[in-house]
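See structure below.
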Amino acid sequence: MSTVLENLVNQPYKHGFVTAIEEETAPKGLSEDIIRLISAKKNEPAWMLEFRLKAYRHWLTMTEPGWPNVKRSKIDFQDIIYYAAPKPKKLASMDEVDPELLRTFEKLGVPMHERAALAGVAVDVIFDSVSVATTYKQRLADVGILFCSMSEAVREHPELVRQYLGTVVPPADNFYAALNSAVFTDGSFCYIPKGVRCPMELSTYFRINTQESGQFERTLIIAEEGAYVSYLEGCTAPKFDTNQLHAAVVELVALDNAEIKYSTVQNWYAGDEEGRGGIYNFVTKRGLCKGASSKISWTQVETGSAITWKYPSCVLLGDNSIGEFYSVALTNHHQQADTGTKMVHIGRNTRSRIISKGISAGQSNNSYRGLVKVGPRAENARNFSQCDSMLIGSRCGANTFPYIEVKNNTAKVEHEATTSKIGEDQLFYFASRGMGPEEAVSMIINGFCRDVFQQLPMEFAVEATKLLGLKLEGSVG
Amino acid sequence: MISANANILLGVRGLRVKVAGVEIVTGVDLTVRAGEVHAVMGPNGSGKSTFAKALAGHPAYEVSGGSVAFDGHDLLALPPEERARAGLFLGFQYPVEIPGVLNSAFLRLAYNTVQAARGGEELDPLEFDDYVREKMKLLDMDPGFLDRSVNDGFSGGEKKRNEILQMALLDPRLAILDETDSGLDIDALRVVANGVNRVHGPGKGIVLVTHYQRMLNYIVPDYVHVMEGGRIIKTGGKELALELENRGYDWVLEEYRARAAA
């Protein structure tokens, strides 16, 4: 059985290709001069540069966290290119987008313009560090929604950016967030005004293209009173031998009765079968339920990266606010994932729900790390956590590190955890009914992940199912 | 039903099977012709279940000698899923639980996979739902089974009904039923046995592995074999099962030893 499974889970990465596009790059390394260069390239106002420099100066005093349950070589932060951009062009329409770039999206199965038209998805395309094209902006603008690149937001809507940037994830929050705050080059900005339900799923496809260029995306989503938005983020990256650092920051703010759904499907290059290369994905994602009865829901399907360090979290400040975290993390070969969430209950009657599904194959190591914190003022706070691990083969590992801190005795906190293994007898049962190992593994994995996939928007759920298929079965899907 | 001219569905010759390096099946010969029902009986640990699982192709059961022809083809050359597609069915003694996988999805994929392999028509979820509900009625099964995970939290009797439901859906040429009667109360036994009888037909064969005679009141065997020490030591008609019920296995063993000594 083990050889059958190993063949299944050892499919080479299918999105491994490099796009030949002319690049404009800064020299390697990080200094105040580089930060000034980034800020100048983007025609930023003085306060933005000040924000960056302050973060940089603080970053210099910090050290990388050593507590994640991962093994890796040290990152040389002076050996990274902090700015790379396709040659600047003014684009009037999609027709002017570099055909090479469009072909890249085709290969990834993301025919952007078609997808936008057919599925009603506005795709804010991030290619390396600069937004190349934004679609559907007008339709969104008609209902007062702002959806653009972060660079554009800094220029066009400075008052909003200045009001909220760094309020959920302060620049000094952690080592990688500080680095991001100093050098972020682009990302998405989304503002949903009071009472508006966003008429479509907002979607951004990220893609790392420049070898050895760090990626420091910055995303900010604000939902005003009674607003609703569902935001999709999907990632793939080409195959490289050198480790690439990705340290994004995502901040969500939900005011009274507002709801934000944030869904991610992540398939970055994970390194080869021997564990060489692959992306280091050190991301800080946090949502602030600032208003009463607000709701923030994170759904993630993590299948890529050599190392994942990521804890999409909710700060439940408003009374009756709700935080949710639904996660599937799949690791294979030598991948390492230390991921989970933090639910911080501050307001009264706040509720949170955590559903985490970890799948480990090959020689990978998959850890769930979660914090449920109930503050002294959080009367009647409720949390339910379920952390399930599945092992495929006998050389992988799964760990669960739940932390619970409760400072209010009216709180109810529940934690359930299971560990299971795809066994020879299960595969034989499928086989005795005519189904081969590929169908069996696919069905078991999809069944295992069903509670999470149900939270994804339909087309994303299909994509996620396919992705797990690719990761574990090759031809299926 | 015995018919000497019927074609041979299963031809087992000198089959030997090892589990974890130990030989459990030590040389079995068995011929099943189309239309026949065979019962394989014997005390605990005599190798009955090992024989059944080896025929279905369980990877932990290593065939160390002999041959098996299924419909004239070398069965042992096929991986287990292809044996199932070719029309071999194993009803498990202890069906495994598969949490998270919906029974309805499992049954439909099994049905469509086998149909595709046989050149039959595949069914979409709505068509399949109608089809499977008809089959469930025959087994007196609640449609609620469709929305539960495969065998997950099923009682012993529910698991056995689910096995026979799968047999009814996959419509095998040869069904090997491994202690399908264990864990069933008397009413459930009758329902399950009736289900098996409905699926059985002139072109098909059944091998019942069982400890007890009671199942054979409903599914009447043409041959009864007694297995001991990994081989078949006695073969008779349906009356042999009744005799075993009355007298136990010891006399068969003694008879066999006396024959061997002579």
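Following the order of the structure tokens, chains are lettered A, B, ..., residues in each are numbered from 1, and ligands are numbered from 1.
Residues in contact with region 136-140 of chain B at up to 7 Å, not including ones fewer than 2 positions away on its chain and judged by only C-alpha atoms, are B:Val132, B:Arg133, B:Glu134, B:Asp142, B:Arg161, B:Leu165, B:Val191, B:Val192, B:Gly195.
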Residue selection dump (C-alpha atoms) as a short mmCIF file (atom, residue, chain, number, x, y, z; two decimals), in the first residue's frame:
```
data_model
loop_
_atom_site.label_atom_id
_atom_site.label_comp_id
_atom_site.auth_asym_id
_atom_site.auth_seq_id
_atom_site.Cartn_x
_atom_site.Cartn_y
_atom_site.Cartn_z
CA VAL B 132 -30.61 2.98 -4.78
CA ARG B 133 -33.86 3.68 -2.91
CA GLU B 134 -35.53 0.82 -4.79
CA ASP B 142 -34.12 3.45 5.96
CA ARG B 161 -27.38 -4.74 5.33
CA LEU B 165 -27.07 -3.34 -0.54
CA VAL B 191 -34.36 -9.89 5.23
CA VAL B 192 -30.67 -10.06 4.35
CA GLY B 195 -31.87 -9.84 -0.48
#
```
Within 12 Å of chain B, which residues of chain A come that close, and what is the closest atom pair and distance in Å for each? Count only C-alpha atoms and give it as a Markdown table.
```
| residue | atom | partner | partner_atom | distance |
| --- | --- | --- | --- | --- |
| A:Met1 | CA | B:Pro59 | CA | 7.2 |
| A:Ser2 | CA | B:Pro59 | CA | 10.7 |
| A:Thr3 | CA | B:Pro59 | CA | 11.7 |
| A:Val4 | CA | B:Pro59 | CA | 11.1 |
| A:Lys357 | CA | B:Gly100 | CA | 11.9 |
| A:Asp388 | CA | B:Gly100 | CA | 11.6 |
| A:Met390 | CA | B:Pro99 | CA | 11.5 |
| A:Thr418 | CA | B:Pro99 | CA | 11.5 |
| A:Thr419 | CA | B:Pro99 | CA | 11.8 |
| A:Ser420 | CA | B:Pro99 | CA | 9.6 |
| A:Lys421 | CA | B:Ile98 | CA | 10.6 |
| A:Ile422 | CA | B:Ile98 | CA | 9.1 |
| A:Gly423 | CA | B:Val96 | CA | 9.7 |
| A:Glu424 | CA | B:Pro59 | CA | 8.0 |
| A:Asp425 | CA | B:Val96 | CA | 6.9 |
| A:Gln426 | CA | B:Val96 | CA | 6.2 |
| A:Leu427 | CA | B:His58 | CA | 9.5 |
| A:Phe428 | CA | B:His58 | CA | 6.2 |
| A:Tyr429 | CA | B:Val96 | CA | 7.0 |
| A:Phe430 | CA | B:Glu81 | CA | 7.7 |
| A:Ala431 | CA | B:Glu81 | CA | 4.2 |
| A:Ser432 | CA | B:Ala84 | CA | 5.5 |
| A:Arg433 | CA | B:Ala110 | CA | 5.6 |
| A:Gly434 | CA | B:Glu81 | CA | 4.2 |
| A:Met435 | CA | B:Glu81 | CA | 5.6 |
| A:Gly436 | CA | B:Glu81 | CA | 5.7 |
| A:Pro437 | CA | B:Glu81 | CA | 8.7 |
| A:Glu438 | CA | B:Glu81 | CA | 11.2 |
| A:Glu439 | CA | B:Leu109 | CA | 8.7 |
| A:Ala440 | CA | B:Phe106 | CA | 9.3 |
| A:Val441 | CA | B:Val101 | CA | 10.7 |
| A:Ser442 | CA | B:Val101 | CA | 10.2 |
| A:Met443 | CA | B:Val101 | CA | 6.6 |
| A:Ile444 | CA | B:Val101 | CA | 6.0 |
| A:Ile445 | CA | B:Gly100 | CA | 8.5 |
| A:Asn446 | CA | B:Val101 | CA | 7.7 |
| A:Gly447 | CA | B:Gly100 | CA | 4.2 |
| A:Phe448 | CA | B:Gly100 | CA | 5.1 |
| A:Cys449 | CA | B:Gly100 | CA | 8.0 |
| A:Arg450 | CA | B:Gly100 | CA | 7.3 |
| A:Asp451 | CA | B:Gly100 | CA | 9.1 |
| A:Val452 | CA | B:Gly100 | CA | 11.8 |
```
Restricting the output to C-alpha atoms, write the selected residues as a CSV table (one decimal), in the first residue's frame.
```csv
chain,number,residue,atom,x,y,z
A,1,MET,CA,0.0,0.0,0.0
A,2,SER,CA,2.7,2.4,1.0
A,3,THR,CA,4.2,2.4,-2.5
A,4,VAL,CA,0.9,3.1,-4.1
A,357,LYS,CA,-8.3,19.8,9.2
A,388,ASP,CA,-8.7,16.8,13.2
A,390,MET,CA,-5.1,12.8,9.0
A,418,THR,CA,-9.0,13.5,16.5
A,419,THR,CA,-6.2,11.8,14.6
A,420,SER,CA,-6.8,9.3,11.9
A,421,LYS,CA,-4.9,7.5,9.2
A,422,ILE,CA,-5.9,6.3,5.8
A,423,GLY,CA,-5.5,2.6,6.4
A,424,GLU,CA,-4.9,-0.3,4.2
A,425,ASP,CA,-8.3,-1.8,5.1
A,426,GLN,CA,-10.1,1.4,4.0
A,427,LEU,CA,-8.3,1.4,0.6
A,428,PHE,CA,-9.1,-2.3,0.3
A,429,TYR,CA,-12.7,-1.7,1.0
A,430,PHE,CA,-12.9,0.8,-1.8
A,431,ALA,CA,-11.0,-1.6,-4.1
A,432,SER,CA,-13.4,-4.4,-3.3
A,433,ARG,CA,-16.1,-2.1,-4.7
A,434,GLY,CA,-14.2,-1.4,-7.9
A,435,MET,CA,-12.6,1.9,-6.9
A,436,GLY,CA,-8.8,2.3,-7.2
A,437,PRO,CA,-6.5,4.0,-4.7
A,438,GLU,CA,-6.8,7.4,-6.5
A,439,GLU,CA,-10.5,7.5,-6.1
A,440,ALA,CA,-10.3,6.2,-2.6
A,441,VAL,CA,-7.8,8.8,-1.4
A,442,SER,CA,-9.7,11.6,-3.1
A,443,MET,CA,-13.0,10.6,-1.6
A,444,ILE,CA,-11.6,10.1,1.9
A,445,ILE,CA,-9.8,13.4,1.8
A,446,ASN,CA,-12.7,15.3,0.4
A,447,GLY,CA,-15.0,13.7,3.0
A,448,PHE,CA,-12.5,14.7,5.7
A,449,CYS,CA,-12.5,18.3,4.5
A,450,ARG,CA,-16.2,18.6,3.8
A,451,ASP,CA,-16.9,20.9,6.8
A,452,VAL,CA,-14.4,23.4,5.5
```
Exercise for the section: Pick out the residues sitting within 9 Å of region 9-18 of chain B, and hand them over as a PyMOL selection string; count only C-alpha atoms, and ignore anything fewer than 6 positions along from it in its own chain. Expected result: chain B and resi 24-34+50-51+54+60-72+173-174+203-205+230-231
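Take CA of Leu232 (chain A) and CA of Ile145 (chain A): the distance between them is 16.0 Å.
Distance-wise, CA of Leu165 (chain A) and CA of Cys190 (chain A) end up 12.0 Å apart.
The smallest atom-to-atom distance between Ser46 (chain B) and any of B:Tyr223, B:Tyr249, B:Tyr212, B:Tyr218, using only C-alpha atoms, is found for B:Tyr249.
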Fill in the blank from the handout: Of A:Val253, A:Ile192, A:Leu330, A:Leu317, the one nearest to Val143 (chain A) when counting only C-alpha atoms is A:Ile192
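Close contacts of Asn366 (chain A), defined as residues with an atom at most 8 Å away when counting only C-alpha atoms, with chain neighbours fewer than 2 positions off set aside, comprise Ala329, Leu330, Thr331, Gln336, Ala337, Asp338, Gly358, Ile359, Ser360, Ser364, Tyr368, Gly397, Ala398 and Asn399 of chain A.
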Practice task
Assign secondary structure with DSSP using the backbone only, and return the residues of region 25-251 of chain B in strand (DSSP E) as an MDAnalysis selection string.
Solution key: chainID B and resid 25:33 37:41 61:70 73:74 88:91 98:102 149:150 174:178 205:209 223:228 231:236
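Minimum atom-to-atom distance to Glu251 (chain A), evaluated using only C-alpha atoms, belongs to A:Cys314 out of A:Met343, A:Ala378, A:Met200, A:Cys314.
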Exercise for the section: Name the residues in contact with Phe145 (chain B) at a cut-off of 10 Å, using only C-alpha atoms, excluding same-chain residues fewer than 4 positions from it; report them as a PyMOL selection string. Expected result: chain B and resi 102-104+136+141+149-151+154+158+162
Practice task
Write down as a ChimeraX atom specification the residues belonging to region 1-84 of chain B that are assigned alpha helix (DSSP H) by DSSP computed on the backbone.
Solution key: /B:48-56,80-84
